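Here's the structure we're looking at; comments come further down.
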Amino acid sequence: MSAVVGEGALVADEDAGFWTRRRFLTALGAAGGAGAVVGGMEVLGLFPDAEQHKQAYVPPRASDFHLQGRAKKASVLVLGAGDAGLAAAYELEKAGYRCEVLEARDRPGGRAWTVRGGTTDTDSQGHRQRARFGESQYLNAGPARIPQGHTTLDYCRELRVPIEVFVNANPDAYLYRAPASDAHGPLTRQPIRRRAARADLAGYTSELLAKCLDQRALDARLGGADREALISYLRSTGALSASNRYAGSANRGYAKVPTAGNAAGALDQPYGLADLLASGLGSSFGFELEWDQAMPMFQPVGGMDRLPRALAAAVRGTIRYQAAVTRIRVSSEGVSVDYTDGSGASQNTRAAYCVCTIPPSVLGGIEANFPSAVASALAQVQTMPVGKIGLEFGRRFWEEDDRILGGITDTNLDIATIWYPSYGFHGDRGVVVGYYTFGEASSQYAALPPSEREQRALAQGARIHGRPYRSEFASSFSVHWENQPFTRGGWALWADRASSTAYQTLLEPVERLYFAGDHLSYLTAWQHGAFESARSVVTALHKRVLAGGD
């Protein structure tokens, strides 16, 4: 059965065994991923003219978010001085609102927390830690990177928070797979360079596809010129020989690096295709192609908390720290909130409106006169257990010995990943994220005292980096968000927001109180989600006030 599929008249007749351009690209995607398909489409001339899609360039403004009109000194109480709460207060004040912020912690930022030397913490399990990191060393215990397309960068620009590149994907970082059984083959139990594994998988994939073309498995509808163009493309991406055989390339690295004179270098031998497939190493490569994970990424210079601290400094109203909310009362007239101050004394404050950014896992335990549907919705929000450990080393052996400057090593161990710092290159010391765990693995680490988390992380990391991972170790600091009293978990877990009654319920105000936070966005776990949620709520509240309120 034939069907015309648009301009170019690609005609399919799969019952006859024909290979059309569409069918070929489908096979190419199955074998080589999205990047291979894009390259194949470019070669076949299937991309529309980019000139048709160009838009006029609009330069950045001082702020890319403005509320139209000004309020007449309406008061707003903001609960929580994380990214969402601070952004809400900051934007509302621009439009004339009087804001007061209550924050249970002794600092701004919420999960945007940077641990430096001297930082102390006592978690809900009674574990007390004091960071002993050296000068200028730090651990971003929560968010640690910013994609280019996120609103987070807009606030960095507006508040003049300097940024630097965060090395998210480094081809010289490692992949490590501990075997579940001997069937996983020789590429387990040893660290493998990402670049080598990726180059070999791409090369073998290209070889297989080139063989299909050479054997004319594609019918005449994919013409001879197409066939030659595609083989040329596969040679360039897969380093194929004239016989279309993959035998390794400089893309994967050298056994001996080229230098001067006659020292031309020597290529490493490629890993076997069967070994690569058995190891499962290829499953990690999709990560660096994801919309929010693709390079380049960025971080504020000096730590992620630079941005919330800049926001806090820009808020003109009062920010009360160590102000833990104990009771909330909402009505058609306004909002009343009881809290305890730093001395433990009970206090009360009132406002015409309220923006509540307290995490549902905490808010559900605070006395409030919310309707039963809202209380039920808060109870239904599940959060991801998540934790990190910062391991400080006295020597940056990953740079000196392994030539890894930034990036992430991916493993199938319970530490999940090892992050190398994207700051302080060639310095004397450095803080490595020794694990970034989620779910059950995080819960297991969270149940341990910090000293045991440290030893377990060191033992796992030593399987990859060897002796220096222990001999160069100096200190550690670990954070598990499920053990943080005013957070009680990482990010919210939503199966389907559009069909979730709880999610839709929390998007609506309760009398004059609005809920905000990254948990009420489609970008949970990202600061961008918190900022976008705050902007949405601020816009809705402002429209209501300008329309006459209630």
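The way I read the labels, and the way they are meant: chains A, B, ... in the order of the structure tokens, residue 1 as the first residue of every chain, and ligand 1 as the first ligand shown, with later ones counted on from there.
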With a cut-off of 7 Å, could you pull out the residues of region 51-165 of chain A touching region 352-362 of chain A and give me the nearest pair of atoms for each, distance in Å to one decimal, using only C-alpha atoms, ordered by chain and ascending number, as a tab-separated table?
```
residue	atom	partner	partner_atom	distance
A:Ala74	CA	A:Ala352	CA	6.7
A:Ser75	CA	A:Ala352	CA	5.3
A:Val76	CA	A:Tyr353	CA	4.7
A:Leu77	CA	A:Cys354	CA	4.6
A:Val78	CA	A:Val355	CA	4.8
A:Leu79	CA	A:Cys356	CA	4.7
A:Gly80	CA	A:Thr357	CA	5.4
A:Ala84	CA	A:Thr357	CA	6.6
A:Gly85	CA	A:Thr357	CA	5.9
```
Dump of N, CA, C and O atoms for the selected residues, as a short mmCIF file (atom, residue, chain, number, x, y, z; two decimals), in the first residue's frame:
```
data_model
loop_
_atom_site.label_atom_id
_atom_site.label_comp_id
_atom_site.auth_asym_id
_atom_site.auth_seq_id
_atom_site.Cartn_x
_atom_site.Cartn_y
_atom_site.Cartn_z
N ALA A 74 -1.04 47.66 48.58
CA ALA A 74 -1.60 46.42 49.13
C ALA A 74 -0.48 45.61 49.79
O ALA A 74 0.65 45.59 49.31
N SER A 75 -0.80 44.94 50.89
CA SER A 75 0.22 44.18 51.62
C SER A 75 0.17 42.70 51.24
O SER A 75 -0.91 42.13 51.03
N VAL A 76 1.35 42.10 51.14
CA VAL A 76 1.46 40.68 50.81
C VAL A 76 2.44 40.02 51.76
O VAL A 76 3.56 40.51 51.96
N LEU A 77 2.03 38.92 52.35
CA LEU A 77 2.88 38.12 53.20
C LEU A 77 3.39 36.94 52.38
O LEU A 77 2.61 36.21 51.77
N VAL A 78 4.70 36.77 52.33
CA VAL A 78 5.30 35.67 51.58
C VAL A 78 5.88 34.67 52.58
O VAL A 78 6.67 35.04 53.45
N LEU A 79 5.47 33.41 52.45
CA LEU A 79 5.94 32.36 53.35
C LEU A 79 7.00 31.54 52.64
O LEU A 79 6.73 30.82 51.69
N GLY A 80 8.24 31.71 53.08
CA GLY A 80 9.36 31.01 52.48
C GLY A 80 10.26 31.93 51.69
O GLY A 80 9.79 32.66 50.82
N ALA A 84 11.29 30.80 44.85
CA ALA A 84 9.92 31.22 44.51
C ALA A 84 9.46 32.37 45.40
O ALA A 84 8.90 33.36 44.92
N GLY A 85 9.68 32.26 46.70
CA GLY A 85 9.24 33.30 47.61
C GLY A 85 9.95 34.62 47.39
O GLY A 85 9.33 35.69 47.37
#
```
Would you please work out which residue, of A:Gly548, A:Ala540, A:Pro143, A:Gln190, is nearest to Leu67 (chain A) when using only C-alpha atoms?
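Among the listed residues, the smallest separation from Leu67 (chain A) belongs to A:Ala540.
The set of residues in region 170-323 of chain A assigned to strand (DSSP E or B) by DSSP, using only backbone atoms of this structure, is Tyr174, Leu175, Tyr176, Ile192, Arg193, Leu240, Tyr246, Tyr254, Ala255, Lys256, Ala266, Leu267, Met297, Phe298, Gln299, Pro300, Thr318, Ile319 and Arg320 of chain A.
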With only C-alpha atoms as the counted atoms, please give the residues lying no more than 7 Å from Asp200 (chain A), apart from itself and same-chain residues fewer than 5 positions off, as JSON, numbers by chain.
{"A": [248, 270, 271]}
Identify, on the basis of only C-alpha atoms, every residue whose closest approach to Pro108 (chain A) does not exceed 10 Å; exclude the query and any residue fewer than 2 positions from it along the same chain; express the result as a ChimeraX atom specification.
/A:80-83,85-86,103-106,110-113,305-313,319,321
Please save N, CA, C and O atoms of the selected residues as a short mmCIF file (atom, residue, chain, number, x, y, z; two decimals), in the first residue's frame.
```
data_model
loop_
_atom_site.label_atom_id
_atom_site.label_comp_id
_atom_site.auth_asym_id
_atom_site.auth_seq_id
_atom_site.Cartn_x
_atom_site.Cartn_y
_atom_site.Cartn_z
N GLY A 80 8.24 31.71 53.08
CA GLY A 80 9.36 31.01 52.48
C GLY A 80 10.26 31.93 51.69
O GLY A 80 9.79 32.66 50.82
N ALA A 81 11.58 31.89 51.97
CA ALA A 81 12.55 32.73 51.26
C ALA A 81 13.43 31.89 50.36
O ALA A 81 14.63 32.13 50.24
N GLY A 82 12.80 30.89 49.70
CA GLY A 82 13.50 30.19 48.64
C GLY A 82 13.38 30.99 47.36
O GLY A 82 12.95 32.15 47.35
N ASP A 83 13.74 30.38 46.24
CA ASP A 83 13.71 31.09 44.96
C ASP A 83 12.32 31.61 44.65
O ASP A 83 12.16 32.76 44.20
N GLY A 85 9.68 32.26 46.70
CA GLY A 85 9.24 33.30 47.61
C GLY A 85 9.95 34.62 47.39
O GLY A 85 9.33 35.69 47.37
N LEU A 86 11.26 34.56 47.21
CA LEU A 86 12.03 35.79 47.00
C LEU A 86 11.67 36.45 45.67
O LEU A 86 11.54 37.67 45.60
N GLU A 103 10.82 33.26 56.87
CA GLU A 103 11.65 32.11 56.49
C GLU A 103 12.08 31.36 57.74
O GLU A 103 12.64 31.94 58.66
N ALA A 104 11.82 30.05 57.77
CA ALA A 104 12.12 29.25 58.94
C ALA A 104 13.63 29.07 59.15
O ALA A 104 14.10 28.94 60.29
N ARG A 105 14.39 29.06 58.08
CA ARG A 105 15.84 28.88 58.20
C ARG A 105 16.51 30.20 58.59
O ARG A 105 15.88 31.24 58.61
N ASP A 106 17.81 30.12 58.81
CA ASP A 106 18.56 31.33 59.13
C ASP A 106 19.25 31.91 57.90
O ASP A 106 20.18 32.70 58.01
N GLY A 110 16.34 28.35 50.41
CA GLY A 110 15.69 27.05 50.44
C GLY A 110 16.64 25.94 50.05
O GLY A 110 17.71 25.79 50.65
N ARG A 111 16.28 25.19 48.99
CA ARG A 111 17.17 24.10 48.54
C ARG A 111 18.38 24.63 47.79
O ARG A 111 19.33 23.87 47.55
N ALA A 112 18.38 25.90 47.40
CA ALA A 112 19.56 26.51 46.76
C ALA A 112 20.55 26.88 47.86
O ALA A 112 20.69 28.04 48.25
N TRP A 113 21.23 25.88 48.36
CA TRP A 113 22.07 26.00 49.55
C TRP A 113 23.52 25.66 49.18
O TRP A 113 23.80 24.58 48.66
N ASP A 305 24.04 29.78 45.82
CA ASP A 305 23.29 30.67 46.71
C ASP A 305 23.53 32.15 46.41
O ASP A 305 22.89 33.02 47.01
N ARG A 306 24.46 32.46 45.50
CA ARG A 306 24.70 33.86 45.14
C ARG A 306 23.43 34.50 44.59
O ARG A 306 23.18 35.69 44.81
N LEU A 307 22.63 33.73 43.84
CA LEU A 307 21.42 34.29 43.26
C LEU A 307 20.34 34.55 44.31
O LEU A 307 19.83 35.69 44.38
N PRO A 308 19.94 33.58 45.15
CA PRO A 308 18.94 33.92 46.16
C PRO A 308 19.40 35.00 47.14
O PRO A 308 18.59 35.80 47.62
N ARG A 309 20.68 35.06 47.42
CA ARG A 309 21.17 36.12 48.30
C ARG A 309 21.05 37.48 47.62
O ARG A 309 20.76 38.50 48.27
N ALA A 310 21.27 37.51 46.30
CA ALA A 310 21.10 38.76 45.57
C ALA A 310 19.63 39.16 45.54
O ALA A 310 19.29 40.35 45.66
N LEU A 311 18.75 38.19 45.38
CA LEU A 311 17.31 38.48 45.43
C LEU A 311 16.92 39.01 46.80
O LEU A 311 16.16 39.98 46.91
N ALA A 312 17.42 38.37 47.85
CA ALA A 312 17.08 38.80 49.21
C ALA A 312 17.55 40.24 49.45
O ALA A 312 16.86 41.05 50.09
N ALA A 313 18.73 40.57 48.93
CA ALA A 313 19.25 41.93 49.11
C ALA A 313 18.42 42.94 48.34
O ALA A 313 18.35 44.12 48.72
N ILE A 319 12.53 40.73 55.73
CA ILE A 319 12.67 39.28 55.67
C ILE A 319 13.01 38.81 57.06
O ILE A 319 14.05 39.18 57.62
N TYR A 321 14.10 35.90 59.34
CA TYR A 321 14.68 34.56 59.36
C TYR A 321 14.40 33.88 60.71
O TYR A 321 14.04 34.54 61.69
#
```
For a test of reading the model, state the distance in Å between CA of Gly118 (chain A) and CA of Ala131 (chain A), rounded to one decimal.
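It comes out at 5.3 Å.
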For region 130-228 of chain A versus region 397-420 of chain A, which residues have an atom no more than 8 Å away, and what is each residue's nearest atom pair and distance in Å rounded to one decimal, using only C-alpha atoms, chain-then-number order, as JSON lines?
```
{"residue": "A:Phe166", "atom": "CA", "partner": "A:Gly406", "partner_atom": "CA", "distance": 7.7}
{"residue": "A:Val167", "atom": "CA", "partner": "A:Gly407", "partner_atom": "CA", "distance": 4.8}
{"residue": "A:Asn168", "atom": "CA", "partner": "A:Gly407", "partner_atom": "CA", "distance": 4.8}
{"residue": "A:Ala169", "atom": "CA", "partner": "A:Gly407", "partner_atom": "CA", "distance": 5.2}
{"residue": "A:Asn170", "atom": "CA", "partner": "A:Gly407", "partner_atom": "CA", "distance": 4.7}
{"residue": "A:Asp172", "atom": "CA", "partner": "A:Ile404", "partner_atom": "CA", "distance": 5.9}
{"residue": "A:Ala173", "atom": "CA", "partner": "A:Thr409", "partner_atom": "CA", "distance": 5.3}
{"residue": "A:Tyr174", "atom": "CA", "partner": "A:Thr409", "partner_atom": "CA", "distance": 4.7}
{"residue": "A:Leu175", "atom": "CA", "partner": "A:Asp410", "partner_atom": "CA", "distance": 5.0}
{"residue": "A:Tyr176", "atom": "CA", "partner": "A:Thr411", "partner_atom": "CA", "distance": 4.7}
{"residue": "A:Arg177", "atom": "CA", "partner": "A:Asn412", "partner_atom": "CA", "distance": 5.4}
{"residue": "A:Ala178", "atom": "CA", "partner": "A:Asn412", "partner_atom": "CA", "distance": 6.5}
```
Identify which of the residues A:Ser451, A:Ser206, A:Ser343, A:Thr349 lies closest to Ile328 (chain A), counting only C-alpha atoms when measuring atom-to-atom distances.
A:Thr349
Need to verify the contact set: Gln382 (chain A), 10 Å, only C-alpha atoms, exclusion of same-chain residues closer than 4 positions in sequence. Can you return it as a PDB file with N, CA, C and O atoms, in the first residue's frame?
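Saved result, selection-v4.pdb, follows:
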```pdb
ATOM      1  N   PRO A 360       4.904  21.274  50.263  1.00  0.00           N
ATOM      2  CA  PRO A 360       3.731  20.524  50.738  1.00  0.00           C
ATOM      3  C   PRO A 360       4.066  19.528  51.839  1.00  0.00           C
ATOM      4  O   PRO A 360       3.250  19.303  52.741  1.00  0.00           O
ATOM      5  N   SER A 361       5.252  18.922  51.781  1.00  0.00           N
ATOM      6  CA  SER A 361       5.647  17.953  52.797  1.00  0.00           C
ATOM      7  C   SER A 361       5.748  18.588  54.178  1.00  0.00           C
ATOM      8  O   SER A 361       5.619  17.902  55.198  1.00  0.00           O
ATOM      9  N   LEU A 378      -2.488  18.536  49.441  1.00  0.00           N
ATOM     10  CA  LEU A 378      -1.146  18.667  50.030  1.00  0.00           C
ATOM     11  C   LEU A 378      -0.617  17.309  50.482  1.00  0.00           C
ATOM     12  O   LEU A 378       0.568  17.011  50.312  1.00  0.00           O
ATOM     13  N   GLY A 489      12.301  16.501  51.965  1.00  0.00           N
ATOM     14  CA  GLY A 489      12.268  15.828  50.671  1.00  0.00           C
ATOM     15  C   GLY A 489      12.874  16.692  49.587  1.00  0.00           C
ATOM     16  O   GLY A 489      13.119  17.881  49.783  1.00  0.00           O
ATOM     17  N   GLY A 490      13.110  16.067  48.450  1.00  0.00           N
ATOM     18  CA  GLY A 490      13.625  16.801  47.303  1.00  0.00           C
ATOM     19  C   GLY A 490      12.494  17.423  46.526  1.00  0.00           C
ATOM     20  O   GLY A 490      11.668  18.154  47.071  1.00  0.00           O
ATOM     21  N   TRP A 491      12.415  17.126  45.242  1.00  0.00           N
ATOM     22  CA  TRP A 491      11.386  17.723  44.399  1.00  0.00           C
ATOM     23  C   TRP A 491      10.133  16.866  44.368  1.00  0.00           C
ATOM     24  O   TRP A 491      10.145  15.679  44.678  1.00  0.00           O
ATOM     25  N   ALA A 492       9.025  17.479  43.973  1.00  0.00           N
ATOM     26  CA  ALA A 492       7.743  16.785  43.915  1.00  0.00           C
ATOM     27  C   ALA A 492       7.722  15.786  42.769  1.00  0.00           C
ATOM     28  O   ALA A 492       8.349  15.990  41.731  1.00  0.00           O
ATOM     29  N   LEU A 493       6.986  14.701  42.970  1.00  0.00           N
ATOM     30  CA  LEU A 493       6.822  13.668  41.956  1.00  0.00           C
ATOM     31  C   LEU A 493       5.373  13.677  41.478  1.00  0.00           C
ATOM     32  O   LEU A 493       4.461  13.337  42.228  1.00  0.00           O
ATOM     33  N   TRP A 494       5.179  14.091  40.248  1.00  0.00           N
ATOM     34  CA  TRP A 494       3.842  14.109  39.648  1.00  0.00           C
ATOM     35  C   TRP A 494       3.812  13.128  38.486  1.00  0.00           C
ATOM     36  O   TRP A 494       4.681  13.179  37.602  1.00  0.00           O
ATOM     37  N   HIS A 519       7.282  22.833  42.711  1.00  0.00           N
ATOM     38  CA  HIS A 519       6.362  21.701  42.703  1.00  0.00           C
ATOM     39  C   HIS A 519       5.075  22.016  41.949  1.00  0.00           C
ATOM     40  O   HIS A 519       4.343  21.098  41.588  1.00  0.00           O
TER      41      HIS A 519
END
```
Going by DSSP on the backbone, which residues of region 356-412 of chain A come out as helix (DSSP H, G or I)? List them as a list in words.
Pro360, Ser361, Val362, Leu363, Ser372, Ala373, Val374, Ala375, Ser376, Ala377, Leu378, Ala379, Gln380, Phe397, Trp398, Glu399 and Glu400 of chain A
Please, what distance in Å, to one decimal, runs between CA of Tyr423 (chain A) and CA of Gly387 (chain A)?
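Taking CA of Tyr423 (chain A) as the start and CA of Gly387 (chain A) as the end point, the length is 21.4 Å.
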Nearest to Ala457 (chain A), restricted to only C-alpha atoms and choosing among A:Pro485, A:Gly390, A:Gly265, A:Gly117, comes out as A:Gly390
Coordinates-based distance that separates CA of Val337 (chain A) from CA of Pro371 (chain A) (Å, one decimal):
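Those two atoms sit 16.6 Å apart.
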Which of A:Pro300, A:Ser249, A:Leu276, A:Gly427 sits closest to Arg157 (chain A) [using only C-alpha atoms]:
A:Pro300
Excluding Pro162 (chain A) and any residue of its chain fewer than 3 positions from it, enumerate the residues within 12 Å of it, using only C-alpha atoms, and give them as a ChimeraX atom specification.
/A:153-159,165,298-304,306-307,310
Those same residues, written as a short mmCIF file (atom, residue, chain, number, x, y, z; two decimals), in the first residue's frame with C-alpha atoms?
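Saved as part-v3.cif:
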```
data_model
loop_
_atom_site.label_atom_id
_atom_site.label_comp_id
_atom_site.auth_asym_id
_atom_site.auth_seq_id
_atom_site.Cartn_x
_atom_site.Cartn_y
_atom_site.Cartn_z
CA LEU A 153 19.84 33.17 33.95
CA ASP A 154 17.53 36.17 33.41
CA TYR A 155 17.61 36.87 37.15
CA CYS A 156 21.41 36.43 37.21
CA ARG A 157 21.63 39.04 34.47
CA GLU A 158 19.16 41.45 36.08
CA LEU A 159 20.73 41.21 39.54
CA VAL A 165 30.52 27.69 32.58
CA PHE A 298 26.28 27.68 33.75
CA GLN A 299 26.65 28.36 37.47
CA PRO A 300 26.92 31.54 39.55
CA VAL A 301 30.53 32.34 40.39
CA GLY A 302 31.13 31.35 44.01
CA GLY A 303 28.11 29.10 44.54
CA MET A 304 24.45 28.69 43.67
CA ARG A 306 24.70 33.86 45.14
CA LEU A 307 21.42 34.29 43.26
CA ALA A 310 21.10 38.76 45.57
#
```
If you count only C-alpha atoms, which residues fall within 10 Å of region 239-245 of chain A, apart from same-chain ones fewer than 4 positions away, as number ranges by chain?
A: 199-200, 202-204, 206-211, 214, 231-235, 249-251
